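Structure below is my_file_37.txt: compact mmCIF, C-alpha atoms.
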# COMPACT_ATOMS: atom_id res chain seq x y z
CA MET A 1 0.00 0.00 0.00
CA THR A 2 1.52 3.37 -0.94
CA ARG A 3 1.44 6.39 1.28
CA GLN A 4 -0.94 8.23 -1.01
CA SER A 5 -3.57 5.55 -0.57
CA GLU A 6 -3.15 5.26 3.21
CA PRO A 7 -6.06 6.31 5.41
CA HIS A 8 -6.06 9.96 6.47
CA GLY A 9 -5.60 9.29 10.22
CA ARG A 10 -2.57 7.14 9.69
CA ARG A 11 -0.92 9.75 7.48
CA CYS A 12 -1.62 12.40 10.12
CA ARG A 13 -0.06 10.27 12.85
CA TRP A 14 2.98 9.67 10.67
CA THR A 15 3.33 13.39 9.94
CA ARG A 16 2.76 14.60 13.50
CA LYS A 17 5.51 12.35 14.78
CA ARG A 18 7.85 14.25 12.49
CA LEU A 19 6.60 17.80 13.00
CA SER A 20 9.06 18.51 15.80
CA ALA A 21 12.00 17.55 13.61
CA PHE A 22 10.42 19.33 10.64
CA ALA A 23 10.11 22.59 12.59
CA GLY A 24 13.62 22.18 13.98
CA GLY A 25 15.18 21.48 10.59
CA ASP A 26 16.32 18.00 11.58
CA LEU A 27 14.41 16.02 8.98
CA SER A 28 16.00 14.46 5.92
CA ALA A 29 15.17 15.80 2.46
CA GLY A 30 12.84 12.89 1.76
CA GLY A 31 11.07 13.37 5.09
CA VAL A 32 10.65 17.09 4.48
CA ALA A 33 9.07 16.43 1.08
CA ALA A 34 6.66 13.85 2.51
CA VAL A 35 5.63 16.09 5.41
CA ARG A 36 5.14 19.07 3.08
CA ALA A 37 2.99 17.04 0.76
CA HIS A 38 0.73 16.05 3.62
CA LEU A 39 0.58 19.56 5.11
CA VAL A 40 -0.74 20.97 1.86
CA ALA A 41 -3.76 18.73 2.09
CA CYS A 42 -4.31 18.67 5.89
CA PRO A 43 -5.37 21.85 7.76
CA GLU A 44 -5.32 20.06 11.16
CA CYS A 45 -1.66 19.14 10.76
CA ARG A 46 -0.90 22.67 9.54
CA CYS A 47 -2.48 23.98 12.75
CA GLU A 48 -0.36 21.56 14.75
CA LEU A 49 2.74 22.74 12.92
CA GLY A 50 1.85 26.32 13.91
CA GLY A 51 2.19 25.35 17.58
CA TRP A 52 5.61 23.84 16.97
CA LEU A 53 6.80 26.91 15.08
CA ARG A 54 5.59 29.26 17.83
CA ALA A 55 7.44 27.24 20.47
CA ARG A 56 10.54 27.22 18.31
CA LYS A 57 10.31 30.97 17.77
CA ALA A 58 10.32 31.50 21.54
CA LEU A 59 13.69 29.79 21.70
CA ARG A 60 15.29 31.98 19.05
CA PRO A 61 18.83 32.89 20.10
CA ASP A 62 18.40 36.56 19.17
CA GLY A 63 15.41 36.73 21.47
CA LEU A 64 17.28 35.29 24.43
CA ASP A 65 20.63 37.01 24.03
CA GLY A 66 19.30 40.49 24.64
CA VAL A 67 20.46 40.88 28.21
CA PRO A 68 21.18 44.33 29.61
CA ASP A 69 24.82 45.12 30.40
CA VAL A 70 26.17 42.13 28.50
CA ASP A 71 28.14 43.88 25.80
CA GLY A 72 31.69 44.28 24.55
CA ALA A 73 32.87 45.88 27.79
CA PHE A 74 31.35 43.02 29.77
CA PHE A 75 33.33 40.47 27.76
CA ALA A 76 36.51 42.54 27.98
CA ASP A 77 36.19 42.54 31.76
CA LEU A 78 35.47 38.83 31.72
CA HIS A 79 38.57 38.20 29.61
CA ALA A 80 40.72 40.24 31.99
CA ASP A 81 39.30 38.40 35.02
CA ILE A 82 39.91 35.00 33.44
CA MET A 83 43.50 35.83 32.52
CA ALA A 84 44.16 37.22 35.99
CA ARG A 85 42.77 34.05 37.53
CA VAL A 86 44.68 31.59 35.35
CA GLY A 87 47.84 33.65 35.84
CA GLU A 88 47.81 32.60 39.49
CA GLN A 89 47.89 28.88 38.76
CA PRO A 90 50.51 26.82 36.94
CA MET A 91 49.40 25.30 33.67
CA GLY A 92 48.81 21.55 33.45
CA GLN A 93 49.02 21.07 37.21
CA VAL A 94 46.17 18.61 37.26
CA ALA A 95 47.19 16.94 34.05
CA ALA A 96 50.60 16.10 35.41
CA SER A 97 49.41 14.27 38.47
CA GLY A 98 45.80 13.46 37.64
CA SER A 99 42.70 14.78 39.29
CA PRO A 100 42.34 14.40 43.07
CA VAL A 101 39.45 12.00 42.62
CA ARG A 102 41.42 9.83 40.24
CA ARG A 103 44.43 9.89 42.57
CA ARG A 104 42.23 8.75 45.46
CA TRP A 105 40.79 5.87 43.44
CA LEU A 106 44.22 4.78 42.29
CA ALA A 107 45.53 4.82 45.86
CA ALA A 108 42.55 2.78 47.10
CA ALA A 109 42.94 0.24 44.29
CA ALA A 110 46.67 -0.09 44.93
CA ALA A 111 46.06 -0.61 48.65
CA ALA A 112 43.45 -3.29 47.96
CA VAL A 113 45.75 -5.15 45.57
CA LEU A 114 48.61 -4.91 48.06
CA LEU A 115 46.49 -6.27 50.92
CA PHE A 116 45.25 -9.13 48.77
CA ALA A 117 48.79 -10.01 47.70
CA ILE A 118 50.06 -9.94 51.28
CA GLY A 119 47.21 -12.17 52.43
CA LEU A 120 47.79 -14.65 49.64
CA TRP A 121 51.51 -14.69 50.27
CA SER A 122 51.14 -15.21 54.02
CA VAL A 123 48.96 -18.27 53.46
CA GLN A 124 50.99 -19.78 50.66
CA ALA A 125 54.44 -18.99 52.02
CA TRP A 126 54.05 -21.01 55.22
CA SER A 127 52.59 -24.04 53.50
CA PRO A 128 53.37 -24.11 49.80
CA ARG A 129 51.83 -27.53 49.18
CA HIS A 130 48.92 -27.23 51.50
CA GLY A 131 47.16 -23.95 51.12
CA MET A 132 44.34 -23.05 53.43
CA LEU A 133 41.72 -23.98 50.86
CA ASP A 134 43.09 -27.29 49.63
CA ARG A 135 44.03 -28.71 53.04
CA SER A 136 42.95 -32.32 53.47
CA PRO A 137 40.57 -33.18 56.27
CA MET A 138 42.16 -33.86 59.61
CA PRO A 139 42.87 -37.58 60.09
CA MET A 140 41.01 -39.14 62.99
CA ALA A 141 42.07 -42.03 65.18
CA GLY A 142 39.45 -44.46 66.38
CA THR A 143 39.30 -45.30 70.06
CA ALA A 144 36.66 -47.01 72.04
CA GLY A 145 34.17 -44.56 73.24
CA PRO A 146 32.68 -44.57 76.67
CA PRO A 147 30.20 -47.37 77.23
CA GLY A 148 26.70 -46.50 76.17
CA HIS A 149 27.83 -43.89 73.64
CA ALA A 150 27.33 -44.07 69.93
CA PRO A 151 30.02 -45.61 67.74
CA GLY A 152 32.50 -43.01 66.61
CA SER A 153 31.96 -40.83 69.61
CA GLY A 154 35.50 -41.60 70.67
CA LEU A 155 37.11 -40.33 67.46
CA GLN A 156 39.95 -37.96 68.18
CA PRO A 157 42.18 -36.02 65.82
CA LEU A 158 45.67 -37.40 65.41
CA GLY A 159 48.02 -35.26 67.37
CA GLY A 160 45.13 -34.32 69.60
CA ASP A 161 47.18 -35.02 72.70
CA VAL A 162 48.89 -31.68 72.25
CA GLU A 163 46.98 -29.00 73.97
CA LEU A 164 46.67 -25.83 72.00
CA SER A 165 46.37 -22.83 74.15
CA TRP A 166 47.16 -19.19 74.10
CA ASP A 167 50.28 -18.76 76.12
CA GLY A 168 51.41 -15.46 74.71
CA THR A 169 54.06 -17.04 72.47
CA GLY A 170 52.07 -16.71 69.30
CA GLU A 171 51.38 -20.43 69.01
CA GLY A 172 47.99 -22.02 69.21
CA HIS A 173 46.10 -18.97 68.06
CA GLY A 174 44.95 -17.71 64.66
CA LEU A 175 47.24 -18.34 61.73
CA MET A 176 50.06 -19.62 63.95
CA GLY A 177 47.67 -22.02 65.61
CA ARG A 178 46.55 -23.44 62.28
CA LEU A 179 50.16 -23.76 61.23
CA ARG A 180 51.07 -25.65 64.38
CA LEU A 181 48.07 -27.92 64.04
CA ARG A 182 49.01 -28.70 60.45
CA THR A 183 52.57 -29.53 61.51
CA LEU A 184 51.20 -31.91 64.13
CA GLU A 185 49.04 -33.62 61.52
CA ARG A 186 52.01 -34.25 59.30
CA GLU A 187 54.10 -35.56 62.17
CA SER A 188 51.39 -37.93 63.32
CA LEU A 189 51.00 -39.38 59.80
CA ARG A 190 54.71 -40.20 59.46
CA PRO A 191 55.84 -43.76 60.21
CA PRO A 192 57.52 -44.12 63.59
CA VAL A 193 61.15 -43.15 63.47
CA ARG A 194 63.42 -45.80 64.91
CA SER A 195 66.85 -45.24 66.29
CA VAL A 196 69.91 -46.34 64.33
CA GLY A 197 70.72 -49.52 66.25
CA GLU A 198 67.18 -50.73 66.70
CA ALA A 199 66.30 -53.94 64.83
CA VAL A 200 63.37 -53.86 62.48
CA PRO A 201 61.18 -56.94 62.93
CA ASP A 202 60.57 -58.90 59.73
CA PRO A 203 56.91 -59.92 59.52
CA GLU A 204 57.79 -63.18 57.70
CA GLN A 205 60.25 -64.25 60.41
CA VAL A 206 57.67 -63.89 63.13
CA GLU A 207 55.85 -67.16 63.81
CA ASP A 208 52.35 -65.89 64.03
CA GLY A 209 52.80 -63.48 61.15
CA GLY A 210 53.03 -60.56 63.52
CA LEU A 211 49.61 -61.10 64.97
CA SER A 212 50.94 -61.23 68.49
CA ALA A 213 52.14 -57.67 68.08
CA MET A 214 48.62 -56.54 67.47
CA PRO A 215 46.71 -55.11 70.37
CA THR A 216 44.51 -57.69 72.05
CA GLU A 217 41.66 -55.28 72.50
CA LEU A 218 40.63 -53.65 69.29
CA PRO A 219 38.53 -50.53 69.39
CA ALA A 220 34.90 -51.07 68.61
CA THR A 221 35.11 -49.09 65.40
CA ALA A 222 38.29 -50.73 64.09
CA PRO A 223 37.92 -53.21 61.20
CA ARG A 224 38.14 -56.86 62.15
CA ILE A 225 40.98 -58.97 60.72
CA ARG A 226 40.71 -62.73 60.48
CA PRO A 227 44.09 -64.41 60.97
CA ASP A 228 43.09 -67.66 59.14
CA ARG A 229 42.18 -65.85 55.98
CA PRO A 230 45.09 -65.06 53.58
CA ARG A 231 45.17 -61.51 52.41
CA MET B 1 35.02 20.86 11.97
CA THR B 2 37.22 22.83 14.31
CA GLN B 3 38.39 25.07 11.56
CA SER B 4 34.91 25.96 10.38
CA HIS B 5 33.89 26.65 13.93
CA SER B 6 36.89 28.87 14.45
CA THR B 7 35.89 30.81 11.39
CA LEU B 8 32.38 31.16 12.79
CA ARG B 9 33.74 32.59 16.00
CA THR B 10 35.89 34.99 14.02
CA GLU B 11 32.83 36.51 12.43
CA ASP B 12 31.21 37.50 15.70
CA GLY B 13 34.43 38.18 17.52
CA ALA B 14 34.75 41.91 16.97
CA GLY B 15 36.30 43.80 19.82
CA TRP B 16 38.70 41.14 21.06
CA GLY B 17 41.41 42.52 23.20
CA ILE B 18 39.37 45.45 24.54
CA GLY B 19 40.54 46.45 27.97
CA LEU B 20 43.87 44.64 27.67
CA PRO B 21 47.32 46.23 27.59
CA ARG B 22 48.11 47.49 24.10
CA GLY B 23 50.73 44.87 23.16
CA LEU B 24 48.71 41.97 24.56
CA ALA B 25 45.52 43.26 22.96
CA GLN B 26 47.20 43.30 19.57
CA ALA B 27 48.59 39.82 20.02
CA VAL B 28 45.27 38.41 21.21
CA THR B 29 43.35 40.09 18.41
CA ARG B 30 45.84 38.79 15.87
CA LEU B 31 45.71 35.22 17.19
CA ALA B 32 42.01 35.03 18.01
CA GLY B 33 40.88 36.55 14.75
CA SER B 34 43.35 34.79 12.52
CA GLU B 35 43.09 31.41 10.92
CA VAL B 36 45.33 29.86 13.55
CA ASP B 37 43.46 26.70 14.47
CA ASP B 38 42.66 25.54 17.97
CA PRO B 39 45.24 22.72 18.26
CA THR B 40 48.02 25.15 17.31
CA LEU B 41 46.87 27.60 19.97
CA VAL B 42 46.73 24.76 22.52
CA ARG B 43 50.26 23.65 21.61
CA ASP B 44 51.54 27.20 21.92
CA ALA B 45 49.76 27.65 25.23
CA LEU B 46 51.26 24.42 26.52
CA ALA B 47 54.67 25.66 25.45
CA GLY B 48 54.16 28.61 27.79
CA ASP B 49 52.78 31.18 25.37
CA GLN B 50 50.28 33.08 27.48
CA ASP B 51 49.07 35.05 24.44
CA ALA B 52 47.92 31.81 22.84
CA PHE B 53 45.80 30.97 25.85
CA ALA B 54 44.46 34.54 25.88
CA ALA B 55 43.50 34.02 22.25
CA LEU B 56 41.65 30.82 23.14
CA VAL B 57 39.77 32.73 25.84
CA ALA B 58 38.92 35.51 23.41
CA ARG B 59 37.76 33.00 20.82
CA TYR B 60 35.48 30.98 23.08
CA GLN B 61 34.43 33.17 25.99
CA LYS B 62 31.30 34.52 24.34
CA ARG B 63 29.98 31.14 23.31
CA ALA B 64 30.90 29.67 26.70
CA PHE B 65 29.12 32.49 28.49
CA TRP B 66 25.95 32.18 26.39
CA ILE B 67 25.78 28.41 26.80
CA ALA B 68 26.13 28.83 30.55
CA PHE B 69 23.60 31.65 30.52
CA HIS B 70 21.03 29.69 28.54
CA VAL B 71 21.34 26.78 30.91
CA LEU B 72 21.37 28.89 34.07
CA GLY B 73 19.45 32.05 33.16
CA ARG B 74 21.49 34.30 35.43
CA VAL B 75 24.25 36.57 34.24
CA GLU B 76 26.32 36.33 37.41
CA ASP B 77 26.10 32.55 37.55
CA ALA B 78 26.99 32.28 33.86
CA ARG B 79 29.95 34.57 34.37
CA ASP B 80 31.21 32.51 37.30
CA VAL B 81 30.80 29.29 35.33
CA THR B 82 32.67 30.76 32.36
CA GLN B 83 35.55 31.81 34.56
CA GLU B 84 35.69 28.46 36.27
CA ALA B 85 35.56 26.64 32.92
CA PHE B 86 38.57 28.54 31.61
CA ALA B 87 40.43 28.00 34.88
CA ARG B 88 39.82 24.25 34.54
CA LEU B 89 40.80 24.37 30.91
CA HIS B 90 44.06 26.03 31.88
CA ARG B 91 44.78 23.41 34.53
CA SER B 92 43.98 20.43 32.33
CA LEU B 93 45.15 21.66 28.94
CA ALA B 94 47.82 18.97 28.83
CA ARG B 95 45.06 16.36 28.82
CA TYR B 96 43.61 17.61 25.55
CA ASP B 97 43.40 14.90 22.92
CA PHE B 98 44.56 16.52 19.69
CA ALA B 99 42.65 13.96 17.65
CA ARG B 100 39.36 15.40 18.89
CA SER B 101 37.61 18.68 18.46
CA PHE B 102 38.76 21.29 20.93
CA TYR B 103 35.50 23.15 21.28
CA THR B 104 33.56 19.92 21.89
CA TRP B 105 35.92 19.16 24.73
CA PHE B 106 35.77 22.68 26.13
CA TYR B 107 31.99 23.03 25.81
CA ARG B 108 31.62 19.81 27.75
CA ILE B 109 33.52 21.44 30.63
CA VAL B 110 31.26 24.49 30.40
CA LEU B 111 28.10 22.43 30.16
CA ASN B 112 28.99 20.16 33.07
CA LEU B 113 29.77 23.12 35.28
CA ALA B 114 26.55 24.86 34.23
CA ILE B 115 24.45 21.75 34.88
CA ASP B 116 26.06 21.30 38.30
CA GLN B 117 25.32 24.92 39.10
CA LEU B 118 21.76 24.55 37.83
CA ARG B 119 21.13 21.61 40.11
CA LYS B 120 22.35 23.66 43.03
CA HIS B 121 20.13 26.61 42.19
CA LYS B 122 17.23 24.90 40.48
CA SER B 123 14.65 26.97 42.28
CA SER B 124 16.27 30.34 41.73
CA ARG B 125 14.78 30.97 38.28
CA ALA B 126 12.21 33.44 39.55
CA ALA B 127 14.95 35.70 40.83
CA SER B 128 16.59 35.70 37.41
CA LEU B 129 13.90 38.01 36.07
CA GLU B 130 15.89 40.87 37.53
CA ASP B 131 18.32 40.31 34.68
CA PHE B 132 15.59 41.35 32.28
CA GLY B 133 14.76 44.71 33.77
CA GLY B 134 13.14 43.98 37.09
CA SER B 135 9.48 43.31 37.75
CA LEU B 136 7.06 42.89 34.90
CA PRO B 137 4.52 45.67 34.25
CA ASP B 138 0.86 44.95 34.83
CA THR B 139 -0.78 46.69 31.91
CA ALA B 140 0.19 47.00 28.28
CA ASP B 141 -0.12 50.79 28.36
CA ASP B 142 2.56 51.15 31.02
CA ARG B 143 5.03 48.98 29.20
CA PRO B 144 8.28 50.66 28.17
CA PRO B 145 9.77 49.74 24.79
CA GLY B 146 11.11 46.18 24.80
CA ALA B 147 9.06 45.19 27.81
CA GLU B 148 7.03 42.74 25.80
CA ARG B 149 10.18 40.99 24.73
CA ASP B 150 11.39 40.90 28.34
CA GLU B 151 8.11 39.37 29.36
CA THR B 152 8.39 36.75 26.67
CA GLN B 153 11.93 35.99 27.76
CA GLY B 154 10.82 35.62 31.36
CA LEU B 155 8.15 33.20 30.20
CA VAL B 156 10.71 31.21 28.21
CA TRP B 157 12.98 30.92 31.23
CA ARG B 158 10.11 29.76 33.39
CA VAL B 159 9.19 27.11 30.84
CA LEU B 160 12.80 26.03 30.43
CA ASP B 161 13.04 25.76 34.18
CA ARG B 162 10.28 23.17 34.17
CA LEU B 163 12.28 20.86 31.96
CA ASP B 164 14.57 18.20 33.26
CA THR B 165 18.25 19.12 33.02
CA LYS B 166 19.09 16.52 30.38
CA PHE B 167 16.31 17.70 28.04
CA ARG B 168 17.10 21.31 28.68
CA ALA B 169 20.80 20.89 27.89
CA VAL B 170 20.02 19.32 24.52
CA LEU B 171 17.42 21.97 23.74
CA VAL B 172 19.83 24.79 24.56
CA LEU B 173 22.66 23.33 22.51
CA ARG B 174 20.55 22.39 19.49
CA ASP B 175 17.77 24.96 19.25
CA ILE B 176 19.48 27.99 20.75
CA HIS B 177 23.12 27.42 19.83
CA GLY B 178 22.54 25.51 16.63
CA LEU B 179 24.95 22.66 17.32
CA SER B 180 24.22 19.45 15.47
CA CYS B 181 23.18 16.25 17.25
CA ARG B 182 26.50 14.69 16.28
CA GLU B 183 28.34 17.56 17.97
CA ILE B 184 26.17 17.41 21.06
CA ALA B 185 26.53 13.64 21.58
CA PRO B 186 30.22 13.67 22.66
CA MET B 187 29.62 16.73 24.83
CA LEU B 188 26.99 14.90 26.84
CA ARG B 189 28.73 11.53 26.48
CA VAL B 190 25.64 9.90 25.02
CA THR B 191 24.87 8.38 21.64
CA HIS B 192 23.59 10.29 18.67
CA ALA B 193 20.27 8.44 18.92
CA THR B 194 19.91 9.44 22.57
CA VAL B 195 20.46 13.08 21.65
CA ARG B 196 17.76 12.87 18.98
CA TRP B 197 15.33 11.24 21.38
CA ARG B 198 16.02 13.80 24.11
CA LEU B 199 15.65 16.58 21.60
CA HIS B 200 12.28 15.26 20.46
CA ARG B 201 11.02 14.79 24.03
CA GLY B 202 12.46 18.14 25.12
CA ARG B 203 10.78 19.99 22.30
CA GLN B 204 7.52 18.21 22.98
CA MET B 205 7.60 19.13 26.67
CA PHE B 206 8.67 22.68 25.93
CA LYS B 207 5.80 23.11 23.46
CA GLU B 208 3.22 21.78 25.94
CA HIS B 209 4.47 23.96 28.79
CA TRP B 210 4.83 26.94 26.48
CA GLU B 211 1.27 26.74 25.17
CA ARG B 212 -0.08 26.44 28.70
CA ALA B 213 2.03 29.37 29.90
CA VAL B 214 0.93 31.57 27.00
CA GLU B 215 -2.73 30.69 27.62
CA ARG B 216 -2.36 31.59 31.28
CA SER B 217 -0.58 34.86 30.57
CA ASP B 218 -3.20 35.84 27.93
CA GLY B 219 -6.05 34.89 30.20

Write the structure described by the file as C-alpha cells, please.
Amino acid sequence: MTRQSEPHGRRCRWTRKRLSAFAGGDLSAGGVAAVRAHLVACPECRCELGGWLRARKALRPDGLDGVPDVDGAFFADLHADIMARVGEQPMGQVAASGSPVRRRWLAAAAAAVLLFAIGLWSVQAWSPRHGMLDRSPMPMAGTAGPPGHAPGSGLQPLGGDVELSWDGTGEGHGLMGRLRLRTLERESLRPPVRSVGEAVPDPEQVEDGGLSAMPTELPATAPRIRPDRPR
Amino acid sequence: MTQSHSTLRTEDGAGWGIGLPRGLAQAVTRLAGSEVDDPTLVRDALAGDQDAFAALVARYQKRAFWIAFHVLGRVEDARDVTQEAFARLHRSLARYDFARSFYTWFYRIVLNLAIDQLRKHKSSRAASLEDFGGSLPDTADDRPPGAERDETQGLVWRVLDRLDTKFRAVLVLRDIHGLSCREIAPMLRVTHATVRWRLHRGRQMFKEHWERAVERSDG
C-alpha cells in the first residue's frame, strides 16, 4: 500500500511524529518532502505545525541574548578576570598528576591489591603444598568410646594429645595455631622413626605373622581382621 | 570541523582585546581573529605562550558564556561558570586529545559546570527576572519599549526551568546554539540516537508547557 492511498488518520499520525524535527530542521530531504505534501492537504496538521513553530520561535537565540549590560565591555572585563585568575595557577598542574578523585581511586585500588597479595603470600608462604583452601581433612584415630555412647563418639584427631592454648608465644592462636596444628598432623602421619641400632622386625620371620604384636583389645570401630584368611 | 567553527567565532568576535594592555591586545586580536586553528593555539599555550591561551579565551568566551547563561538564566552565575571553565581548561590543557575537536571538549567542561550549578540553584529561576529589567509591568499601556520581549523571555525561562536538566541541555545546545546532534553527543557523552530522542522529548515538553504558559498569561 503506498502512502498516497493510506487512510487519512494514519498519514496524520505519521506526519505529527515528524513535525518537531520538521520545525527544527532535523528532517532528511525525503522526510521534508513527505511532510510538506501532507501539510498541503491537511489543515489540522498545519495547525499543529503552527504550535511547533511558535514554540521554536520562543527559543530563538536573538530573542534570548538580549540581556542588559552584556556587551563588549562586559566580555573585555570577563577576559581580563579570566586571565588574571589563570595567571595565578601553573598550567597543566592537574594533568601532570591526575585529578584528586582519580588519585584517590588509584591509591585505594593499589592498597586493595597490596592487601590481597600480602594475604595470599602469608597463606601460601608457610605451606606451599597445603594452602588453606586445599588442606585435606584432619585424620582421625578411632578409640573405644565410653560405654553407652554411639560408635565413633570416641574419634579424636591425630596429634590431639597436644593441647593448644594461648600462652602469649604466638602459638595455638589464629594463623600460627593453624600452622602448628598442620605440623602436628604431618608428624602424626609419618611412620615411627626408629633409632639407628634398633632392629626392624621382619613380619615373615615372626611365627604368628606378627599377629601377636597386634593389640589384644581392638577398638569397637576398628575393622576386624581374620588371621586364618590369607590376604 | 574545528576550523569551520573557528571561522564562525571569528565573524562574531569583533572587539577582542578590549581592555587589555596594548601589546597583549594586539597579540590576542591577531591570534584570536586569525586562521590559527585551535590545536596550534593549545600547543603554543602548553609551550608557555600566554598570548595563545588569551586568544583561546577571546575565541570561546562569548559562546561559553551564552551556553552557561542559557542553561542557568542568570548573568552572574553564567559569568562565574565561564571563569571556572577557563580555569579548569588552563589546569587540564595537557590532557587535551589533539585527535578530537577542541571546542567539543571545552563546551563539555562548560556544560557540566553549568548543569552542576543549575542543580544547586534549580529553584532560583524566579529571581533571574531581575536580569531582564526587574518586575514585569501589569498593563500593556505602562510597558516601556522592549518590555514585551522581556516578558516573553521571562516566560521562556520559566518554561525552560520546568524541563529536566538533560532535556534542557540538549534543547539549549541544538535549538538555541545551533549545534548538530553529532556535535552534542560527545559533549553529553551519550549516543547520537539518545540526543535525537532527548531533543524530540524536550521539544515536545517545551511546546506543551509553552502553550499552557501563554494561555495563562493571555487569560

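Nearest to chain A of all the residues B:Leu171, B:Ala68, B:Ala94, B:Ala213 is B:Ala94, based on all atoms listed in the file.
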
* Using all atoms listed in the file, determine which residues lie at most 9 Å from Met205 (chain B), disregarding the query and same-chain residues fewer than 3 positions distant; provide the list as number ranges by chain. => B: 162-163, 167, 200-202, 208-210

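Pairwise distance (CA of Ala58 (chain B), CA of Asp37 (chain B)) equals 13.3 Å.
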
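Interatomic distance, CA of Ala58 (chain A) to CA of Ser180 (chain B): 19.4 Å.
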
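For the atom pair formed by CA of Leu93 (chain B) and CA of His121 (chain B), the distance is 28.7 Å, given to one decimal.
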
Once you add 5 Å to each side, what are the centre and edge lengths of the axis-aligned box holding all listed atoms of region 88-107 of chain B? One decimal in Å, as AutoDock Vina command-line options, if you can.
--center_x 39.9 --center_y 20.0 --center_z 26.1 --size_x 25.8 --size_y 22.1 --size_z 26.9
